[in-house]
file data_36.txt (compact mmCIF, C-alpha atoms)
# COMPACT_ATOMS: atom_id res chain seq x y z
CA MET A 1 27.60 -11.02 -13.02
CA PRO A 2 26.89 -14.62 -11.86
CA LYS A 3 24.08 -16.59 -13.47
CA ALA A 4 20.79 -16.82 -11.61
CA GLN A 5 21.11 -20.52 -10.78
CA SER A 6 24.57 -20.06 -9.27
CA VAL A 7 23.41 -17.35 -6.83
CA ARG A 8 23.48 -18.79 -3.33
CA PRO A 9 20.70 -18.01 -0.86
CA LEU A 10 21.49 -15.00 1.32
CA ALA A 11 23.38 -15.77 4.53
CA ILE A 12 21.10 -15.47 7.56
CA PRO A 13 22.54 -14.63 11.00
CA ALA A 14 22.49 -17.51 13.49
CA ILE A 15 19.73 -17.28 16.10
CA SER A 16 21.39 -15.97 19.26
CA THR A 17 20.20 -14.18 22.39
CA ARG A 18 21.69 -11.01 21.03
CA LEU A 19 19.86 -11.32 17.71
CA LEU A 20 16.59 -12.05 19.50
CA LEU A 21 17.02 -9.00 21.76
CA THR A 22 17.84 -6.78 18.78
CA ALA A 23 14.87 -8.16 16.85
CA ALA A 24 12.56 -7.61 19.83
CA GLY A 25 13.76 -4.00 20.15
CA VAL A 26 13.23 -3.35 16.43
CA VAL A 27 9.74 -4.86 16.48
CA ILE A 28 8.74 -2.81 19.55
CA VAL A 29 9.88 0.44 17.89
CA LEU A 30 8.06 -0.45 14.64
CA LEU A 31 4.87 -1.48 16.44
CA ALA A 32 4.98 1.88 18.24
CA LEU A 33 5.26 3.55 14.83
CA ALA A 34 2.29 1.56 13.51
CA TYR A 35 0.38 2.47 16.70
CA LEU A 36 1.17 6.13 16.04
CA VAL A 37 -0.44 5.88 12.60
CA ALA A 38 -3.34 3.61 13.50
CA PHE A 39 -4.49 4.38 17.04
CA ASP A 40 -2.63 7.20 18.77
CA GLN A 41 -4.71 10.15 19.98
CA GLY A 42 -1.84 12.16 21.42
CA ALA A 43 -0.74 9.84 24.24
CA LEU A 44 2.40 8.75 22.38
CA SER A 45 3.03 11.62 19.99
CA ARG A 46 2.48 14.36 22.62
CA SER A 47 1.03 16.49 19.85
CA GLY A 48 -2.55 16.54 21.05
CA MET A 49 -4.81 15.36 18.25
CA TYR A 50 -2.66 16.90 15.50
CA MET A 51 -0.99 13.69 14.27
CA HIS A 52 -4.30 11.83 14.69
CA GLU A 53 -6.16 14.31 12.50
CA LEU A 54 -3.30 14.57 9.99
CA MET A 55 -3.35 10.84 9.27
CA HIS A 56 -7.16 10.51 9.45
CA ASP A 57 -7.69 9.47 5.82
CA GLY A 58 -4.86 6.96 5.84
CA ARG A 59 -6.33 5.30 8.89
CA HIS A 60 -9.73 4.89 7.22
CA LEU A 61 -8.21 3.48 4.02
CA LEU A 62 -5.85 1.14 5.89
CA GLY A 63 -8.95 -0.45 7.39
CA VAL A 64 -8.42 0.60 11.01
CA PRO A 65 -11.53 1.47 13.10
CA CYS A 66 -11.45 5.26 13.39
CA HIS A 67 -14.56 6.82 14.89
CA MET B 1 24.18 -2.25 20.68
CA PRO B 2 25.19 -2.53 17.02
CA LEU B 3 23.06 -4.69 14.77
CA THR B 4 24.35 -8.04 13.62
CA PRO B 5 25.73 -7.09 10.19
CA SER B 6 23.54 -9.38 8.15
CA PHE B 7 20.35 -8.62 10.12
CA GLY B 8 20.93 -4.91 9.55
CA ARG B 9 21.15 -5.46 5.82
CA ILE B 10 17.96 -7.50 5.66
CA LEU B 11 16.18 -4.97 7.90
CA LEU B 12 17.24 -2.11 5.63
CA ALA B 13 15.85 -3.98 2.60
CA GLY B 14 12.53 -4.43 4.42
CA LEU B 15 12.30 -0.78 5.50
CA LEU B 16 13.10 0.43 1.98
CA ALA B 17 10.58 -1.94 0.40
CA GLY B 18 8.05 -0.78 3.02
CA VAL B 19 8.37 2.92 2.20
CA LEU B 20 8.05 2.17 -1.53
CA ALA B 21 4.98 -0.01 -0.88
CA GLY B 22 3.46 2.66 1.36
CA LEU B 23 3.95 5.41 -1.21
CA LEU B 24 2.39 3.33 -4.01
CA ALA B 25 -0.50 2.24 -1.79
CA GLY B 26 -1.01 5.87 -0.76
CA THR B 27 -1.09 6.98 -4.39
CA PHE B 28 -3.75 4.39 -5.15
CA ALA B 29 -5.65 5.42 -2.01
CA TYR B 30 -5.56 9.04 -3.14
CA PHE B 31 -7.20 8.30 -6.50
CA ALA B 32 -9.51 5.44 -5.49
CA GLY B 33 -10.29 6.31 -1.87
CA GLU B 34 -10.28 10.08 -1.40
CA PRO B 35 -13.38 10.78 -3.55
CA ARG B 36 -15.30 8.30 -1.34
CA ILE B 37 -14.04 9.87 1.88
CA ASP B 38 -15.06 13.33 0.62
CA ALA B 39 -18.52 12.02 -0.25
CA ALA B 40 -18.85 10.35 3.16
CA ILE B 41 -17.73 13.50 5.00
CA ALA B 42 -20.38 15.48 3.08
CA ILE B 43 -23.01 13.03 4.39
CA GLU B 44 -21.54 13.27 7.89
CA GLN B 45 -21.86 17.07 7.84
CA GLN B 46 -25.42 16.93 6.49
CA ASN B 47 -26.34 14.58 9.33
CA ALA B 48 -24.70 16.89 11.86
CA LEU B 49 -26.61 19.89 10.48
CA ALA B 50 -29.86 17.94 10.53
CA HIS B 51 -29.30 17.21 14.23
CA GLY B 52 -28.71 20.89 14.88
CA GLU B 53 -24.99 20.46 15.57
CA ALA B 54 -22.35 22.80 14.24
CA GLY B 55 -21.51 21.59 10.72
CA ALA B 56 -17.85 22.26 10.02
CA ASP B 57 -16.13 22.38 13.39
CA ASP B 58 -12.79 24.12 13.74
CA GLU B 59 -10.47 21.81 11.88
CA LEU B 60 -7.09 21.09 13.45
CA VAL B 61 -5.81 19.94 10.07
CA SER B 62 -7.37 21.12 6.81
CA ARG B 63 -9.05 18.56 4.53
CA ASP B 64 -6.52 19.44 1.85
CA THR B 65 -3.56 18.54 4.12
CA GLN B 66 -5.29 15.35 5.27
CA LYS B 67 -5.85 14.25 1.67
CA HIS B 68 -2.33 14.79 0.38
CA VAL B 69 0.46 15.02 2.96
CA GLY B 70 -1.48 13.24 5.69
CA LEU B 71 -2.53 10.29 3.55
CA LEU B 72 0.93 9.66 2.08
CA LEU B 73 2.58 10.14 5.48
CA ALA B 74 0.23 7.61 7.06
CA THR B 75 0.65 4.96 4.35
CA SER B 76 4.44 5.35 4.09
CA LEU B 77 5.01 5.25 7.87
CA TYR B 78 2.71 2.23 8.09
CA GLY B 79 4.59 0.63 5.15
CA LEU B 80 7.92 1.35 6.85
CA ALA B 81 6.74 -0.36 10.04
CA MET B 82 5.32 -3.39 8.20
CA GLY B 83 8.47 -3.67 6.05
CA GLY B 84 10.70 -3.76 9.12
CA ILE B 85 8.50 -6.32 10.83
CA LEU B 86 8.45 -8.48 7.67
CA ALA B 87 12.27 -8.32 7.47
CA THR B 88 12.59 -9.30 11.15
CA ALA B 89 10.16 -12.20 10.69
CA TYR B 90 12.12 -13.26 7.60
CA THR B 91 15.42 -13.26 9.50
CA LEU B 92 14.05 -15.30 12.39
CA LEU B 93 11.95 -17.72 10.31
CA ARG B 94 14.04 -18.18 7.14
CA ARG B 95 15.53 -21.50 8.28
CA ARG B 96 12.09 -22.86 9.12
CA LEU B 97 10.65 -22.03 5.71
CA ARG B 98 11.37 -25.16 3.74
CA THR B 99 12.42 -23.67 0.43
CA GLY B 100 15.80 -23.07 -1.18
CA SER B 101 14.50 -19.91 -2.82
CA ASP B 102 14.83 -16.64 -0.89
CA SER B 103 12.24 -15.01 -3.15
CA ARG B 104 9.68 -17.71 -2.41
CA ALA B 105 10.33 -17.35 1.30
CA ALA B 106 9.96 -13.54 1.20
CA ILE B 107 6.90 -13.49 -1.05
CA GLY B 108 5.37 -16.38 0.91
CA LEU B 109 5.72 -14.48 4.19
CA ALA B 110 4.21 -11.34 2.68
CA GLY B 111 1.36 -13.41 1.21
CA ALA B 112 0.73 -14.99 4.61
CA ALA B 113 0.60 -11.53 6.18
CA LEU B 114 -1.76 -10.27 3.45
CA THR B 115 -4.09 -13.17 4.18
CA GLY B 116 -3.87 -13.11 7.98
CA VAL B 117 -3.62 -9.38 8.69
CA ILE B 118 -5.72 -7.98 5.81
CA LEU B 119 -8.16 -10.49 4.29
CA VAL B 120 -9.27 -12.24 7.49
CA PRO B 121 -9.98 -8.95 9.33
CA PHE B 122 -11.56 -7.40 6.19
CA LEU B 123 -14.22 -10.09 5.88
CA LYS B 124 -15.18 -9.95 9.58
CA TYR B 125 -14.89 -6.21 10.19
CA PRO B 126 -14.94 -4.42 6.83
CA PRO B 127 -13.51 -0.91 7.06
CA ASN B 128 -15.92 2.02 7.32
CA PRO B 129 -15.84 5.53 5.85
CA PRO B 130 -16.59 8.63 7.94
CA ALA B 131 -20.30 8.91 8.94
CA VAL B 132 -20.41 5.14 9.61
CA GLY B 133 -19.72 3.93 13.14
CA ASP B 134 -20.80 4.97 16.62
CA PRO B 135 -18.00 6.88 18.44
CA ALA B 136 -19.23 5.37 21.71
CA THR B 137 -18.18 1.86 20.63
CA ILE B 138 -14.72 2.74 19.24
CA ASP B 139 -12.81 1.00 22.07
CA GLN B 140 -14.78 -2.21 21.67
CA ARG B 141 -14.38 -2.11 17.87
CA THR B 142 -10.64 -1.50 18.17
CA ILE B 143 -10.20 -4.48 20.51
CA SER B 144 -12.26 -6.74 18.24
CA TYR B 145 -10.25 -5.59 15.21
CA LEU B 146 -6.92 -6.38 16.92
CA ALA B 147 -8.31 -9.73 18.09
CA VAL B 148 -9.34 -10.79 14.56
CA LEU B 149 -5.95 -9.63 13.23
CA ILE B 150 -4.06 -11.78 15.76
CA LEU B 151 -6.40 -14.73 15.12
CA GLY B 152 -5.73 -14.31 11.39
CA LEU B 153 -2.03 -14.87 12.05
CA VAL B 154 -2.82 -17.82 14.34
CA ALA B 155 -4.94 -19.29 11.50
CA ILE B 156 -1.99 -19.04 9.09
CA TRP B 157 0.23 -20.74 11.63
CA ALA B 158 -2.35 -23.50 12.16
CA GLY B 159 -2.56 -23.98 8.39
CA VAL B 160 1.22 -24.37 8.07
CA LEU B 161 1.36 -26.85 10.97
CA ALA B 162 -1.52 -28.89 9.51
CA ALA B 163 0.06 -28.92 6.03
CA ARG B 164 3.33 -30.20 7.47
CA THR B 165 1.66 -33.31 8.90
CA GLN B 166 1.18 -34.54 5.30
CA THR B 167 3.63 -35.58 2.59
CA GLN B 168 1.64 -35.70 -0.66
CA GLU B 169 1.13 -32.32 -2.29
CA TRP B 170 -2.68 -32.47 -2.53
CA ARG B 171 -2.98 -33.69 1.07
CA ARG B 172 -0.71 -30.89 2.24
CA ALA B 173 -2.85 -28.30 0.49
CA THR B 174 -6.09 -29.79 1.84
CA ALA B 175 -4.81 -30.10 5.41
CA GLY B 176 -3.34 -26.59 5.33
CA LEU B 177 -6.53 -25.05 4.06
CA ALA B 178 -8.61 -26.98 6.59
CA GLY B 179 -6.39 -25.93 9.51
CA PHE B 180 -6.57 -22.31 8.40
CA LEU B 181 -10.33 -22.28 7.83
CA ILE B 182 -11.16 -24.01 11.15
CA VAL B 183 -9.37 -21.28 13.13
CA VAL B 184 -10.95 -18.52 11.00
CA ALA B 185 -14.43 -20.03 11.44
CA ILE B 186 -14.02 -20.27 15.23
CA ALA B 187 -12.75 -16.67 15.37
CA TYR B 188 -15.64 -15.37 13.25
CA VAL B 189 -18.25 -17.15 15.37
CA LEU B 190 -16.78 -16.14 18.75
CA LEU B 191 -16.03 -12.48 17.98
CA PRO B 192 -18.95 -10.04 18.24
CA THR B 193 -20.83 -8.98 15.12
CA ILE B 194 -20.62 -5.26 14.45
CA ASN B 195 -22.97 -3.45 12.12
CA GLU B 196 -23.19 0.28 12.62
CA VAL B 197 -24.02 1.31 9.06
CA PRO B 198 -26.86 3.87 9.22
CA ASP B 199 -29.97 2.85 7.26
CA ASN B 200 -29.72 5.86 4.97
CA PHE B 201 -26.02 5.52 4.09
CA PRO B 202 -25.65 4.91 0.30
CA ALA B 203 -24.81 1.23 -0.35
CA VAL B 204 -22.79 1.97 -3.48
CA LEU B 205 -20.61 4.51 -1.69
CA LEU B 206 -19.96 2.03 1.15
CA TRP B 207 -19.00 -0.69 -1.35
CA LYS B 208 -16.69 1.61 -3.30
CA PHE B 209 -14.98 2.81 -0.12
CA ARG B 210 -14.42 -0.73 1.10
CA ILE B 211 -13.01 -1.87 -2.25
CA ALA B 212 -10.67 1.16 -2.28
CA SER B 213 -9.52 0.25 1.23
CA LEU B 214 -8.97 -3.40 0.30
CA GLY B 215 -7.06 -2.30 -2.81
CA THR B 216 -4.85 0.03 -0.78
CA GLN B 217 -3.91 -2.70 1.69
CA THR B 218 -3.46 -5.36 -1.00
CA ILE B 219 -1.14 -3.07 -2.98
CA LEU B 220 0.84 -2.31 0.17
CA TRP B 221 1.53 -5.95 1.01
CA THR B 222 2.00 -7.11 -2.60
CA VAL B 223 4.53 -4.39 -3.44
CA LEU B 224 6.21 -4.93 -0.07
CA GLY B 225 6.67 -8.67 -0.69
CA LEU B 226 7.90 -8.26 -4.27
CA ALA B 227 10.25 -5.33 -3.53
CA PHE B 228 11.67 -7.07 -0.44
CA ALA B 229 12.32 -10.22 -2.49
CA GLY B 230 13.97 -8.12 -5.20
CA LEU B 231 16.25 -6.30 -2.77
CA LEU B 232 17.27 -9.57 -1.08
CA ASN B 233 18.08 -11.02 -4.47
CA ARG B 234 20.32 -8.03 -5.26
CA GLN B 235 22.23 -8.67 -2.05
CA ALA B 236 22.58 -12.39 -2.81
CA VAL B 237 23.81 -11.65 -6.33
CA SER B 238 26.39 -9.17 -5.06
CA ASP B 239 27.55 -11.61 -2.34
CA THR B 240 27.98 -14.37 -4.93
CA ALA B 241 29.93 -12.03 -7.21
CA GLN B 242 32.22 -11.12 -4.30
CA ARG B 243 32.72 -14.78 -3.43
CA ILE B 244 33.68 -15.57 -7.02
CA ALA B 245 36.03 -12.56 -7.14
CA ALA B 246 37.69 -13.67 -3.88
CA LYS B 247 38.33 -17.16 -5.26
CA SER B 248 39.93 -16.08 -8.54

call {"tool": "encode", "arguments": {"input": "data_36.txt", "output": "structure tokens"}}
result
Amino acid sequence: MPKAQSVRPLAIPAISTRLLLTAAGVVIVLLALAYLVAFDQGALSRSGMYMHELMHDGRHLLGVPCH
Amino acid sequence: MPLTPSFGRILLAGLLAGVLAGLLAGTFAYFAGEPRIDAAIAIEQQNALAHGEAGADDELVSRDTQKHVGLLLATSLYGLAMGGILATAYTLLRRRLRTGSDSRAAIGLAGAALTGVILVPFLKYPPNPPAVGDPATIDQRTISYLAVLILGLVAIWAGVLAARTQTQEWRRATAGLAGFLIVVAIAYVLLPTINEVPDNFPAVLLWKFRIASLGTQTILWTVLGLAFAGLLNRQAVSDTAQRIAAKS
């Protein structure tokens, strides 16, 4: 096990078009997920209001305007 | 398209840290927030009865499911999303964060998000329990909330840019704070004021709900930042060990 001071910073991938496209795709999917929790009323989840009602309390406590 | 190997690893660390943060925040929300939501819903139903409306309408999801499964599902999915976004921001911004320490970079980013996405919106549009808020204005309130959230991030960015114009430590701190506060002040003045708290809603209940909400969000971002930094450090330690093993 190497000592703390000898641990090198983690290698970061070089910024490339491919990385940027991948990152954009990931962020879009994750924003859609956050939208599902915070704002969706069935338009995205296709579950009517079920998901909206299920996560009602979480939305209030995460500070999102609810109703 | 396969992920760049090292981005995938960082992303996985962020997602994992996010679920952990969401579960812990949800646990806190259950104990600190649920009693307030129950109390507010009781007031909401009293009000509905007083106006001659049907009290308990047919519930799509029972209160019990909302309080347990629903709450934890919401906070962990939200944590997962925020963890992945934090990891992506870390990957793209790491070189621009002028520190040799990965932990400082990770915790700094999470702290910036906590300030910009949570604290700045909280002070302008504090969260409301059930029975507070006019359903007719929900679209306008949602747009204002998203606007203050984006402006919170812009304020952080302005603070960083302002700090970097200076070299001495105290000047950097002063310039950074000033840049941040100027943007926040402009945002607060320009965005509409919203107050839809009914006159008869108990002040103590409102306060306790808002503190529970702030606690939930603070725990989420604090645990996320610390766990993400910890997981990155594990990866760096294992990489270094491999490098040493390869040399010998």

call {"tool": "interface_residues", "arguments": {"input": "data_36.txt", "of": "chain A", "to": "chain B", "cutoff": "7 Å", "atoms": "only C-alpha atoms", "output": "MDAnalysis selection string"}}
result
chainID A and resid 1:2 7:10 12:13 19 22:23 27 30:31 33:34 37 50 53:58 60:65 67

call {"tool": "atom_distance", "arguments": {"input": "data_36.txt", "atom1": "CA of Ile28 in chain A", "atom2": "CA of Arg96 in chain B"}}
result
22.8 Å

call {"tool": "residues_around", "arguments": {"input": "data_36.txt", "residues": "Leu114 in chain B", "least_positions_apart": "5", "cutoff": "10 Å", "atoms": "all atoms listed in the file", "output": "JSON, numbers by chain"}}
result
{"B": [108, 109, 119, 120, 152, 153, 217, 218, 219, 220, 221, 222, 225]}

call {"tool": "atom_distance", "arguments": {"input": "data_36.txt", "atom1": "CA of Ala229 in chain B", "atom2": "CA of Leu151 in chain B"}}
result
26.1 Å

call {"tool": "atom_distance", "arguments": {"input": "data_36.txt", "atom1": "CA of Val223 in chain B", "atom2": "CA of Gly116 in chain B"}}
result
16.6 Å

call {"tool": "build_atoms", "arguments": {"input": "data_36.txt", "residues": "range 15-51 of chain A", "atoms": "N, CA and C atoms", "output": "compact mmCIF listing (two decimals), in the frame of the given file"}}
result
# COMPACT_ATOMS: atom_id res chain seq x y z
N ILE A 15 20.62 -17.74 15.03
CA ILE A 15 19.73 -17.28 16.10
C ILE A 15 20.54 -17.26 17.40
N SER A 16 20.65 -16.09 18.00
CA SER A 16 21.39 -15.97 19.26
C SER A 16 20.57 -15.07 20.17
N THR A 17 20.90 -15.05 21.45
CA THR A 17 20.20 -14.18 22.39
C THR A 17 20.29 -12.73 21.93
N ARG A 18 21.47 -12.38 21.45
CA ARG A 18 21.69 -11.01 21.03
C ARG A 18 20.80 -10.65 19.83
N LEU A 19 20.72 -11.57 18.87
CA LEU A 19 19.86 -11.32 17.71
C LEU A 19 18.40 -11.19 18.15
N LEU A 20 17.98 -12.08 19.05
CA LEU A 20 16.59 -12.05 19.50
C LEU A 20 16.28 -10.74 20.22
N LEU A 21 17.23 -10.27 21.05
CA LEU A 21 17.02 -9.00 21.76
C LEU A 21 16.94 -7.84 20.77
N THR A 22 17.85 -7.84 19.80
CA THR A 22 17.84 -6.78 18.78
C THR A 22 16.52 -6.81 18.02
N ALA A 23 16.11 -8.02 17.60
CA ALA A 23 14.87 -8.16 16.85
C ALA A 23 13.68 -7.68 17.67
N ALA A 24 13.67 -8.03 18.96
CA ALA A 24 12.56 -7.61 19.83
C ALA A 24 12.52 -6.08 19.93
N GLY A 25 13.71 -5.46 20.08
CA GLY A 25 13.76 -4.00 20.15
C GLY A 25 13.24 -3.35 18.88
N VAL A 26 13.67 -3.89 17.72
CA VAL A 26 13.23 -3.35 16.43
C VAL A 26 11.72 -3.46 16.28
N VAL A 27 11.18 -4.64 16.64
CA VAL A 27 9.74 -4.86 16.48
C VAL A 27 8.94 -3.92 17.41
N ILE A 28 9.44 -3.70 18.63
CA ILE A 28 8.74 -2.81 19.55
C ILE A 28 8.69 -1.38 18.99
N VAL A 29 9.83 -0.91 18.47
CA VAL A 29 9.88 0.44 17.89
C VAL A 29 8.91 0.54 16.70
N LEU A 30 8.90 -0.49 15.84
CA LEU A 30 8.06 -0.45 14.64
C LEU A 30 6.58 -0.58 14.98
N LEU A 31 6.27 -1.38 16.02
CA LEU A 31 4.87 -1.48 16.44
C LEU A 31 4.41 -0.14 17.01
N ALA A 32 5.32 0.55 17.72
CA ALA A 32 4.98 1.88 18.24
C ALA A 32 4.70 2.84 17.09
N LEU A 33 5.48 2.70 16.01
CA LEU A 33 5.26 3.55 14.83
C LEU A 33 3.89 3.24 14.20
N ALA A 34 3.58 1.94 14.07
CA ALA A 34 2.29 1.56 13.51
C ALA A 34 1.16 2.05 14.42
N TYR A 35 1.37 1.97 15.73
CA TYR A 35 0.38 2.47 16.70
C TYR A 35 0.14 3.96 16.50
N LEU A 36 1.25 4.68 16.25
CA LEU A 36 1.17 6.13 16.04
C LEU A 36 0.25 6.45 14.86
N VAL A 37 0.39 5.65 13.78
CA VAL A 37 -0.44 5.88 12.60
C VAL A 37 -1.88 5.44 12.87
N ALA A 38 -2.03 4.26 13.48
CA ALA A 38 -3.34 3.61 13.50
C ALA A 38 -4.22 4.02 14.68
N PHE A 39 -3.64 4.24 15.85
CA PHE A 39 -4.49 4.38 17.04
C PHE A 39 -4.22 5.60 17.90
N ASP A 40 -3.01 6.19 17.80
CA ASP A 40 -2.63 7.20 18.77
C ASP A 40 -3.56 8.42 18.73
N GLN A 41 -3.91 8.92 19.90
CA GLN A 41 -4.71 10.15 19.98
C GLN A 41 -3.96 11.16 20.83
N GLY A 42 -2.63 11.16 20.72
CA GLY A 42 -1.84 12.16 21.42
C GLY A 42 -1.07 11.61 22.61
N ALA A 43 -1.41 10.39 23.06
CA ALA A 43 -0.74 9.84 24.24
C ALA A 43 0.74 9.57 23.95
N LEU A 44 1.02 9.09 22.73
CA LEU A 44 2.40 8.75 22.38
C LEU A 44 3.10 9.91 21.69
N SER A 45 2.38 10.58 20.79
CA SER A 45 3.03 11.62 19.99
C SER A 45 3.17 12.94 20.75
N ARG A 46 2.41 13.10 21.84
CA ARG A 46 2.48 14.36 22.62
C ARG A 46 2.18 15.57 21.74
N SER A 47 1.33 15.38 20.74
CA SER A 47 1.03 16.49 19.85
C SER A 47 -0.47 16.77 19.90
N GLY A 48 -1.10 16.40 21.00
CA GLY A 48 -2.55 16.54 21.05
C GLY A 48 -3.15 15.67 19.97
N MET A 49 -4.16 16.16 19.29
CA MET A 49 -4.81 15.36 18.25
C MET A 49 -4.23 15.67 16.87
N TYR A 50 -3.13 16.45 16.81
CA TYR A 50 -2.66 16.90 15.50
C TYR A 50 -2.29 15.73 14.58
N MET A 51 -1.41 14.83 15.09
CA MET A 51 -0.99 13.69 14.27
C MET A 51 -2.19 12.80 13.93
